[in-house]
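Novice: Structure: my_file-v9.cif, mmCIF, C-alpha atoms.
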```cif
data_run
loop_
_atom_site.group_PDB
_atom_site.id
_atom_site.type_symbol
_atom_site.label_atom_id
_atom_site.label_comp_id
_atom_site.auth_asym_id
_atom_site.auth_seq_id
_atom_site.Cartn_x
_atom_site.Cartn_y
_atom_site.Cartn_z
ATOM 1 C CA MET T 8 0.000 0.000 0.000
ATOM 2 C CA ASN T 9 1.527 3.302 -1.088
ATOM 3 C CA LYS T 10 1.666 6.011 1.574
ATOM 4 C CA LYS T 11 1.667 8.781 -1.019
ATOM 5 C CA TYR T 12 -2.124 8.517 -1.143
ATOM 6 C CA ARG T 13 -2.618 9.557 2.499
ATOM 7 C CA LYS T 14 -1.191 12.033 4.974
ATOM 8 C CA THR T 15 0.987 11.328 7.979
ATOM 9 C CA ILE T 16 -0.554 12.674 11.184
ATOM 10 C CA ILE T 17 1.209 13.169 14.509
ATOM 11 C CA ALA T 18 -1.523 13.960 17.028
ATOM 12 C CA GLY T 19 -0.744 14.826 20.630
ATOM 13 C CA ASN T 20 -3.321 13.903 23.265
ATOM 14 C CA TRP T 21 -2.770 16.008 26.380
ATOM 15 C CA LYS T 22 -5.547 14.181 28.243
ATOM 16 C CA MET T 23 -6.287 16.058 31.524
ATOM 17 C CA ASN T 24 -2.925 17.768 31.857
ATOM 18 C CA LEU T 25 -1.450 21.292 31.878
ATOM 19 C CA LEU T 26 -3.362 24.519 32.478
ATOM 20 C CA PRO T 27 -4.712 27.030 29.958
ATOM 21 C CA SER T 28 -2.034 29.464 31.165
ATOM 22 C CA GLU T 29 0.644 26.934 30.175
ATOM 23 C CA VAL T 30 -0.509 26.648 26.560
ATOM 24 C CA LYS T 31 1.296 29.727 25.246
ATOM 25 C CA PRO T 32 4.756 28.911 26.674
ATOM 26 C CA PHE T 33 4.367 25.311 25.513
ATOM 27 C CA THR T 34 3.532 26.280 21.933
ATOM 28 C CA GLU T 35 6.315 28.877 21.861
ATOM 29 C CA GLU T 36 8.841 26.211 22.813
ATOM 30 C CA LEU T 37 7.341 23.750 20.351
ATOM 31 C CA ARG T 38 7.241 26.170 17.436
ATOM 32 C CA SER T 39 10.784 27.385 18.002
ATOM 33 C CA SER T 40 12.284 24.038 17.002
ATOM 34 C CA MET T 41 9.481 22.193 15.208
ATOM 35 C CA PRO T 42 10.624 20.812 11.850
ATOM 36 C CA ARG T 43 8.761 21.861 8.731
ATOM 37 C CA VAL T 44 7.740 18.475 7.380
ATOM 38 C CA LYS T 45 5.408 18.984 4.428
ATOM 39 C CA THR T 46 4.241 15.366 4.447
ATOM 40 C CA CYS T 47 3.115 15.514 8.094
ATOM 41 C CA GLU T 48 0.179 17.212 9.806
ATOM 42 C CA THR T 49 0.699 18.024 13.474
ATOM 43 C CA VAL T 50 -2.314 18.130 15.789
ATOM 44 C CA LEU T 51 -2.705 18.971 19.478
ATOM 45 C CA CYS T 52 -5.825 17.487 21.090
ATOM 46 C CA VAL T 53 -6.304 19.462 24.290
ATOM 47 C CA PRO T 54 -8.963 19.759 27.022
ATOM 48 C CA PHE T 55 -12.000 21.902 26.163
ATOM 49 C CA THR T 56 -10.780 24.647 28.522
ATOM 50 C CA HIS T 57 -7.531 24.971 26.548
ATOM 51 C CA ILE T 58 -8.882 25.203 23.008
ATOM 52 C CA SER T 59 -9.294 28.985 22.837
ATOM 53 C CA ALA T 60 -5.866 29.552 24.374
ATOM 54 C CA LEU T 61 -4.302 27.134 21.892
ATOM 55 C CA ARG T 62 -6.015 28.819 18.970
ATOM 56 C CA ARG T 63 -4.709 32.228 20.091
ATOM 57 C CA ALA T 64 -1.200 30.851 20.572
ATOM 58 C CA LEU T 65 -1.009 29.430 17.038
ATOM 59 C CA LYS T 66 -0.014 32.204 14.669
ATOM 60 C CA ASP T 67 -0.157 30.073 11.544
ATOM 61 C CA ASN T 68 -1.578 26.729 10.416
ATOM 62 C CA ARG T 69 1.472 24.586 11.153
ATOM 63 C CA ILE T 70 -0.381 22.964 14.071
ATOM 64 C CA ALA T 71 -4.038 21.919 13.914
ATOM 65 C CA VAL T 72 -6.332 22.267 16.918
ATOM 66 C CA GLY T 73 -7.916 19.072 18.197
ATOM 67 C CA ALA T 74 -10.452 18.142 20.892
ATOM 68 C CA GLN T 75 -10.636 15.028 23.033
ATOM 69 C CA ASP T 76 -14.375 14.372 22.882
ATOM 70 C CA VAL T 77 -17.643 15.587 21.367
ATOM 71 C CA SER T 78 -21.277 15.157 22.329
ATOM 72 C CA THR T 79 -23.665 12.973 20.389
ATOM 73 C CA TYR T 80 -26.269 15.730 20.874
ATOM 74 C CA GLU T 81 -26.570 18.842 18.723
ATOM 75 C CA LYS T 82 -27.826 21.199 21.468
ATOM 76 C CA GLY T 83 -30.198 21.392 24.394
ATOM 77 C CA ALA T 84 -30.439 20.472 28.067
ATOM 78 C CA TYR T 85 -27.313 18.334 28.265
ATOM 79 C CA THR T 86 -25.296 19.823 31.104
ATOM 80 C CA GLY T 87 -21.560 19.445 30.681
ATOM 81 C CA GLU T 88 -21.723 18.331 27.045
ATOM 82 C CA ILE T 89 -19.859 20.063 24.212
ATOM 83 C CA ALA T 90 -21.541 20.066 20.788
ATOM 84 C CA GLY T 91 -19.807 19.647 17.477
ATOM 85 C CA ASP T 92 -20.739 23.108 16.218
ATOM 86 C CA MET T 93 -19.204 24.606 19.367
ATOM 87 C CA LEU T 94 -15.919 22.888 18.534
ATOM 88 C CA ASN T 95 -16.145 23.973 14.917
ATOM 89 C CA ASP T 96 -16.717 27.575 16.004
ATOM 90 C CA LEU T 97 -13.488 27.402 18.014
ATOM 91 C CA GLY T 98 -11.510 26.244 14.993
ATOM 92 C CA VAL T 99 -11.211 22.574 15.953
ATOM 93 C CA ARG T 100 -10.198 20.371 12.989
ATOM 94 C CA TYR T 101 -9.773 16.960 14.664
ATOM 95 C CA CYS T 102 -11.516 15.205 17.553
ATOM 96 C CA ILE T 103 -10.635 11.973 19.349
ATOM 97 C CA VAL T 104 -13.606 9.628 19.769
ATOM 98 C CA GLY T 105 -13.728 6.273 21.516
ATOM 99 C CA HIS T 106 -10.449 6.534 23.384
ATOM 100 C CA SER T 107 -10.023 3.526 25.676
ATOM 101 C CA GLU T 108 -10.194 5.801 28.734
ATOM 102 C CA ARG T 109 -13.588 7.114 27.615
ATOM 103 C CA ARG T 110 -14.745 3.550 27.038
ATOM 104 C CA GLU T 111 -13.503 2.358 30.427
ATOM 105 C CA TYR T 112 -14.288 5.308 32.715
ATOM 106 C CA HIS T 113 -17.402 6.676 30.996
ATOM 107 C CA GLY T 114 -18.971 3.484 29.681
ATOM 108 C CA GLU T 115 -18.848 4.436 26.011
ATOM 109 C CA ASP T 116 -19.735 1.576 23.682
ATOM 110 C CA ASN T 117 -19.088 1.129 19.962
ATOM 111 C CA PHE T 118 -22.411 2.680 19.024
ATOM 112 C CA THR T 119 -21.783 5.798 21.112
ATOM 113 C CA VAL T 120 -18.400 6.086 19.420
ATOM 114 C CA GLY T 121 -20.048 5.872 16.001
ATOM 115 C CA ARG T 122 -22.568 8.579 16.879
ATOM 116 C CA LYS T 123 -19.765 10.838 18.132
ATOM 117 C CA ALA T 124 -17.746 10.276 14.974
ATOM 118 C CA LEU T 125 -20.789 11.248 12.918
ATOM 119 C CA ALA T 126 -21.365 14.350 15.070
ATOM 120 C CA ALA T 127 -17.797 15.443 14.392
ATOM 121 C CA LEU T 128 -18.087 14.851 10.646
ATOM 122 C CA GLU T 129 -21.367 16.761 10.413
ATOM 123 C CA ASN T 130 -19.533 19.776 11.779
ATOM 124 C CA GLY T 131 -16.523 19.600 9.483
ATOM 125 C CA ILE T 132 -14.249 17.899 12.011
ATOM 126 C CA HIS T 133 -12.147 14.807 11.323
ATOM 127 C CA PRO T 134 -12.854 12.125 13.966
ATOM 128 C CA ILE T 135 -9.896 10.094 15.198
ATOM 129 C CA ILE T 136 -11.674 6.808 15.906
ATOM 130 C CA CYS T 137 -9.821 4.720 18.494
ATOM 131 C CA VAL T 138 -9.839 0.924 18.568
ATOM 132 C CA GLY T 139 -7.748 -1.501 20.550
ATOM 133 C CA GLU T 140 -7.585 -4.603 22.713
ATOM 134 C CA THR T 141 -6.793 -5.330 26.346
ATOM 135 C CA LEU T 142 -3.936 -7.592 27.392
ATOM 136 C CA GLU T 143 -6.462 -10.325 28.248
ATOM 137 C CA GLN T 144 -8.004 -10.139 24.778
ATOM 138 C CA ARG T 145 -4.580 -10.308 23.146
ATOM 139 C CA GLU T 146 -3.579 -13.323 25.237
ATOM 140 C CA ARG T 147 -6.865 -15.056 24.328
ATOM 141 C CA GLY T 148 -6.109 -14.522 20.640
ATOM 142 C CA ILE T 149 -9.195 -12.433 19.900
ATOM 143 C CA THR T 150 -7.478 -9.140 19.052
ATOM 144 C CA MET T 151 -8.640 -9.072 15.437
ATOM 145 C CA GLU T 152 -12.225 -10.096 16.211
ATOM 146 C CA HIS T 153 -12.501 -7.423 18.887
ATOM 147 C CA ILE T 154 -11.057 -4.660 16.719
ATOM 148 C CA SER T 155 -13.189 -5.682 13.756
ATOM 149 C CA CYS T 156 -16.310 -5.362 15.919
ATOM 150 C CA GLN T 157 -15.241 -1.962 17.250
ATOM 151 C CA LEU T 158 -14.421 -0.584 13.821
ATOM 152 C CA ILE T 159 -17.377 -1.933 11.857
ATOM 153 C CA SER T 160 -19.854 -0.896 14.576
ATOM 154 C CA ALA T 161 -18.520 2.671 14.669
ATOM 155 C CA LEU T 162 -18.339 3.043 10.893
ATOM 156 C CA SER T 163 -21.904 1.776 10.487
ATOM 157 C CA PHE T 164 -23.111 5.237 11.561
ATOM 158 C CA ILE T 165 -21.089 7.039 8.908
ATOM 159 C CA PRO T 166 -22.260 7.566 5.313
ATOM 160 C CA ASP T 167 -19.918 5.958 2.800
ATOM 161 C CA ASP T 168 -19.030 9.314 1.262
ATOM 162 C CA LYS T 169 -17.715 10.588 4.609
ATOM 163 C CA VAL T 170 -15.595 7.593 5.639
ATOM 164 C CA ARG T 171 -12.478 8.906 3.889
ATOM 165 C CA GLN T 172 -12.583 11.923 6.254
ATOM 166 C CA CYS T 173 -12.060 9.641 9.253
ATOM 167 C CA VAL T 174 -8.758 8.780 10.884
ATOM 168 C CA ILE T 175 -8.349 5.418 12.656
ATOM 169 C CA ALA T 176 -6.077 5.041 15.682
ATOM 170 C CA TYR T 177 -4.977 1.608 16.870
ATOM 171 C CA GLU T 178 -4.230 1.826 20.579
ATOM 172 C CA PRO T 179 -3.399 -1.452 22.300
ATOM 173 C CA ILE T 180 -4.804 -0.750 25.750
ATOM 174 C CA TRP T 181 -2.072 -2.786 27.406
ATOM 175 C CA ALA T 182 0.521 -0.350 26.014
ATOM 176 C CA ILE T 183 -1.100 2.957 27.033
ATOM 177 C CA GLY T 184 0.783 4.717 29.811
ATOM 178 C CA THR T 185 2.528 1.497 30.821
ATOM 179 C CA GLY T 186 5.824 2.026 29.030
ATOM 180 C CA LYS T 187 5.123 -1.154 27.071
ATOM 181 C CA THR T 188 4.918 -0.855 23.320
ATOM 182 C CA ALA T 189 3.743 -3.220 20.643
ATOM 183 C CA THR T 190 6.661 -4.200 18.449
ATOM 184 C CA PRO T 191 6.620 -2.551 15.014
ATOM 185 C CA GLU T 192 5.633 -5.928 13.563
ATOM 186 C CA GLU T 193 2.748 -6.385 16.036
ATOM 187 C CA ALA T 194 1.476 -2.866 15.387
ATOM 188 C CA GLN T 195 1.790 -3.327 11.623
ATOM 189 C CA GLU T 196 -0.135 -6.591 11.743
ATOM 190 C CA VAL T 197 -3.150 -4.912 13.348
ATOM 191 C CA CYS T 198 -2.960 -1.734 11.238
ATOM 192 C CA SER T 199 -2.758 -3.870 8.098
ATOM 193 C CA PHE T 200 -5.821 -5.792 9.294
ATOM 194 C CA ILE T 201 -7.690 -2.498 9.829
ATOM 195 C CA ARG T 202 -6.856 -1.403 6.296
ATOM 196 C CA ARG T 203 -8.024 -4.765 4.984
ATOM 197 C CA ILE T 204 -11.403 -4.246 6.663
ATOM 198 C CA MET T 205 -11.623 -0.822 5.040
ATOM 199 C CA ARG T 206 -10.724 -2.306 1.658
ATOM 200 C CA GLU T 207 -13.292 -5.099 1.910
ATOM 201 C CA ARG T 208 -16.074 -2.702 2.912
ATOM 202 C CA TYR T 209 -15.268 0.388 0.862
ATOM 203 C CA GLY T 210 -12.825 -0.641 -1.861
ATOM 204 C CA ALA T 211 -9.087 -0.284 -2.402
ATOM 205 C CA ARG T 212 -9.150 3.379 -3.387
ATOM 206 C CA LEU T 213 -10.706 4.525 -0.122
ATOM 207 C CA ALA T 214 -8.673 2.099 1.988
ATOM 208 C CA ARG T 215 -5.390 3.467 0.705
ATOM 209 C CA SER T 216 -6.475 7.042 1.469
ATOM 210 C CA VAL T 217 -7.387 6.581 5.157
ATOM 211 C CA SER T 218 -4.673 7.411 7.698
ATOM 212 C CA ILE T 219 -4.144 4.796 10.416
ATOM 213 C CA LEU T 220 -2.254 5.909 13.524
ATOM 214 C CA TYR T 221 -0.524 3.908 16.241
ATOM 215 C CA GLY T 222 -1.419 5.000 19.758
ATOM 216 C CA GLY T 223 0.438 2.886 22.282
ATOM 217 C CA SER T 224 3.379 4.666 23.955
ATOM 218 C CA MET T 225 5.005 5.976 20.791
ATOM 219 C CA LYS T 226 8.022 8.068 21.725
ATOM 220 C CA SER T 227 11.191 9.415 20.159
ATOM 221 C CA SER T 228 13.096 6.185 20.776
ATOM 222 C CA ASN T 229 10.669 3.984 18.794
ATOM 223 C CA ALA T 230 8.877 6.422 16.465
ATOM 224 C CA LYS T 231 11.101 5.856 13.443
ATOM 225 C CA GLU T 232 10.707 2.058 13.566
ATOM 226 C CA LEU T 233 6.937 2.278 13.970
ATOM 227 C CA LEU T 234 6.492 4.933 11.287
ATOM 228 C CA SER T 235 8.545 2.856 8.859
ATOM 229 C CA MET T 236 5.807 0.217 8.801
ATOM 230 C CA PRO T 237 3.753 0.363 5.566
ATOM 231 C CA ASP T 238 0.340 0.719 7.219
ATOM 232 C CA ILE T 239 1.258 3.020 10.127
ATOM 233 C CA ASP T 240 0.617 6.587 9.030
ATOM 234 C CA GLY T 241 1.405 8.457 12.217
ATOM 235 C CA GLY T 242 0.862 8.398 15.947
ATOM 236 C CA LEU T 243 -1.636 9.343 18.641
ATOM 237 C CA ILE T 244 0.840 10.498 21.257
ATOM 238 C CA GLY T 245 0.027 10.643 24.974
ATOM 239 C CA GLY T 246 2.707 11.429 27.545
ATOM 240 C CA ALA T 247 5.365 12.327 24.982
ATOM 241 C CA SER T 248 3.164 15.116 23.612
ATOM 242 C CA LEU T 249 3.449 16.960 26.937
ATOM 243 C CA LYS T 250 7.192 17.434 26.405
ATOM 244 C CA PRO T 251 7.926 19.797 23.499
ATOM 245 C CA ASN T 252 11.382 18.399 22.774
ATOM 246 C CA GLU T 253 10.151 14.791 22.807
ATOM 247 C CA PHE T 254 7.198 15.664 20.585
ATOM 248 C CA ILE T 255 9.504 17.472 18.151
ATOM 249 C CA GLN T 256 11.712 14.389 17.878
ATOM 250 C CA ILE T 257 8.690 12.266 16.946
ATOM 251 C CA ILE T 258 7.773 14.730 14.197
ATOM 252 C CA ASP T 259 11.407 14.677 13.086
ATOM 253 C CA ALA T 260 11.175 10.878 12.797
ATOM 254 C CA VAL T 261 8.614 11.409 10.031
ATOM 255 C CA ALA T 262 11.196 13.364 8.060
ATOM 256 C CA GLN T 263 13.732 10.601 8.593
ATOM 257 C CA VAL T 264 11.326 7.972 7.299
ATOM 258 C CA THR T 265 10.219 9.990 4.268
ATOM 259 C CA GLY T 266 13.678 11.334 3.509
ATOM 260 C CA GLU T 267 12.339 14.873 3.639
ATOM 261 C CA GLU T 268 14.645 17.635 4.799
ATOM 262 C CA ARG T 269 13.413 19.376 7.927
#
```
How does the structure come out when it is put into structure tokens?
Specialist:
Amino acid sequence: MNKKYRKTIIAGNWKMNLLPSEVKPFTEELRSSMPRVKTCETVLCVPFTHISALRRALKDNRIAVGAQDVSTYEKGAYTGEIAGDMLNDLGVRYCIVGHSERREYHGEDNFTVGRKALAALENGIHPIICVGETLEQRERGITMEHISCQLISALSFIPDDKVRQCVIAYEPIWAIGTGKTATPEEAQEVCSFIRRIMRERYGARLARSVSILYGGSMKSSNAKELLSMPDIDGGLIGGASLKPNEFIQIIDAVAQVTGEER
């Protein structure tokens, strides 16, 4: 599968970290040394409270603004929810949906994830749809069945003509925040399987255009190996995205893989 048909995306997920007042100094440090890699889109998915500050701190379009969640509802009496058009109005271009922490701590199921992905798309936002298995599921040998169910269920809510606007993130739950990482070969096996599902359901042309990210403890020390895999088109970065220098090195790994000068 030729990567020239899809973009590389390095998306940072700050989770519930940093303060709005820390956004400006963070972005200043990041921008001062961030490589200009034309083949890579950089995204920062920050808490809702940080989005406006991030937008103000970005003086150009080198970094895209991302959110970490979106409501399934359009508007109304839903206290604490954030609607898709609210995110769009703030300049959000990407939104994480179905992260394993949302599934575990907030009881989100595959159908909720699909509805959230659709809500993002209807407001001009690219959903980053997360799928992944637990250590128990991997040891039982049901990784592919589990991920297939997650992916197909979520995509069932999305019209065929909007699927190419989605981004898929494979995040082995056993590797998130644990320091453990799937080997490049293990990650490639699952990402290749995800692309095969896309090809079988939507055809080869669409499958080769959808970016698939790896989201399990990618860091500067393993980014180049992971990004060299044919079906890994970037990373959903957790802890490493909170350290400007570490995040920069991951972006730089894209340039090393593509041979592009920074």
Novice: Using all atoms listed in the file, determine which residues lie at most 7 Å from segment 218-220 of chain T, disregarding the query and same-chain residues fewer than 3 positions distant; provide the list as a PDB file with C-alpha atoms, in the frame of the given file.
Specialist:
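Writing the result to part-v1.pdb gives the following:
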```
ATOM      1  CA  ARG T  13      -2.618   9.557   2.499  1.00  0.00           C
ATOM      2  CA  LYS T  14      -1.191  12.033   4.974  1.00  0.00           C
ATOM      3  CA  THR T  15       0.987  11.328   7.979  1.00  0.00           C
ATOM      4  CA  VAL T 174      -8.758   8.780  10.884  1.00  0.00           C
ATOM      5  CA  ILE T 175      -8.349   5.418  12.656  1.00  0.00           C
ATOM      6  CA  ALA T 176      -6.077   5.041  15.682  1.00  0.00           C
ATOM      7  CA  TYR T 177      -4.977   1.608  16.870  1.00  0.00           C
ATOM      8  CA  CYS T 198      -2.960  -1.734  11.238  1.00  0.00           C
ATOM      9  CA  ASP T 238       0.340   0.719   7.219  1.00  0.00           C
ATOM     10  CA  ILE T 239       1.258   3.020  10.127  1.00  0.00           C
ATOM     11  CA  ASP T 240       0.617   6.587   9.030  1.00  0.00           C
ATOM     12  CA  GLY T 241       1.405   8.457  12.217  1.00  0.00           C
ATOM     13  CA  GLY T 242       0.862   8.398  15.947  1.00  0.00           C
ATOM     14  CA  LEU T 243      -1.636   9.343  18.641  1.00  0.00           C
TER      15      LEU T 243
END
```
Novice: Do a neighbour search on Met93 of chain T at 12 Å with all atoms listed in the file, toss out local chain neighbours closer than 5 positions, and write the hits as a list in words.
Specialist: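 My list of contacting residues is Phe55, Ile58, Ser59, Ala74, Asp76, Val77, Ser78, Tyr80, Glu81, Lys82, Glu88, Gly98, Val99, Arg100, Ala126, Ala127, Asn130, Gly131 and Ile132 of chain T.
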Novice: If we count all atoms listed in the file and set the cut-off at 8 Å, which residues sit around Gly105 of chain T, ignoring sequence neighbours fewer than 5 positions away in its own chain? Please answer as a count of residues only.
Specialist: 8
Novice: Find the residues around Glu232 of chain T up to 9 Å (only C-alpha atoms counted), leave out those fewer than 4 positions away in its own chain, and share them as a PyMOL selection string.
Specialist: chain T and resi 190-191+228+236+260+264
Novice: Of the candidates T:Ser227, T:Ser235, T:Ser39, T:Gln75, which shows the shortest atom-to-atom distance to Thr56 of chain T, using all atoms listed in the file?
Specialist: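 So, comparing all the options, the nearest one is T:Gln75.
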Novice: Separation of atom CA of Gly121 of chain T and atom CA of Leu158 of chain T, in Å?
Specialist: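 Computing it gives 8.8 Å between the two atoms.
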Novice: Just to confirm, what's the straight-line distance from atom CA of Val72 of chain T to atom CA of Pro32 of chain T in Å (one decimal)?
Specialist: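 Atom-to-atom, atom CA of Val72 of chain T to atom CA of Pro32 of chain T, that is 16.2 Å.
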Novice: Using only C-alpha atoms, list the residues that have an atom at most 12 Å from (-15.1, -5.1, 17.0), coordinates as in the file, as a list of chain:residue names.
Specialist: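 Neighbouring residues, ordered by chain and number, come to T:Asp116, T:Asn117, T:Phe118, T:Val120, T:Cys137, T:Val138, T:Gly139, T:Glu140, T:Gln144, T:Ile149, T:Thr150, T:Met151, T:Glu152, T:His153, T:Ile154, T:Ser155, T:Cys156, T:Gln157, T:Leu158, T:Ile159, T:Ser160, T:Ala161, T:Leu162, T:Ser163, T:Ile201, T:Ile204.
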Novice: So, with all atoms listed in the file as the atoms that count, which of T:Leu128, T:Leu51, T:Ala194, T:Leu249 lies closest to Ile16 of chain T?
Specialist: T:Leu51
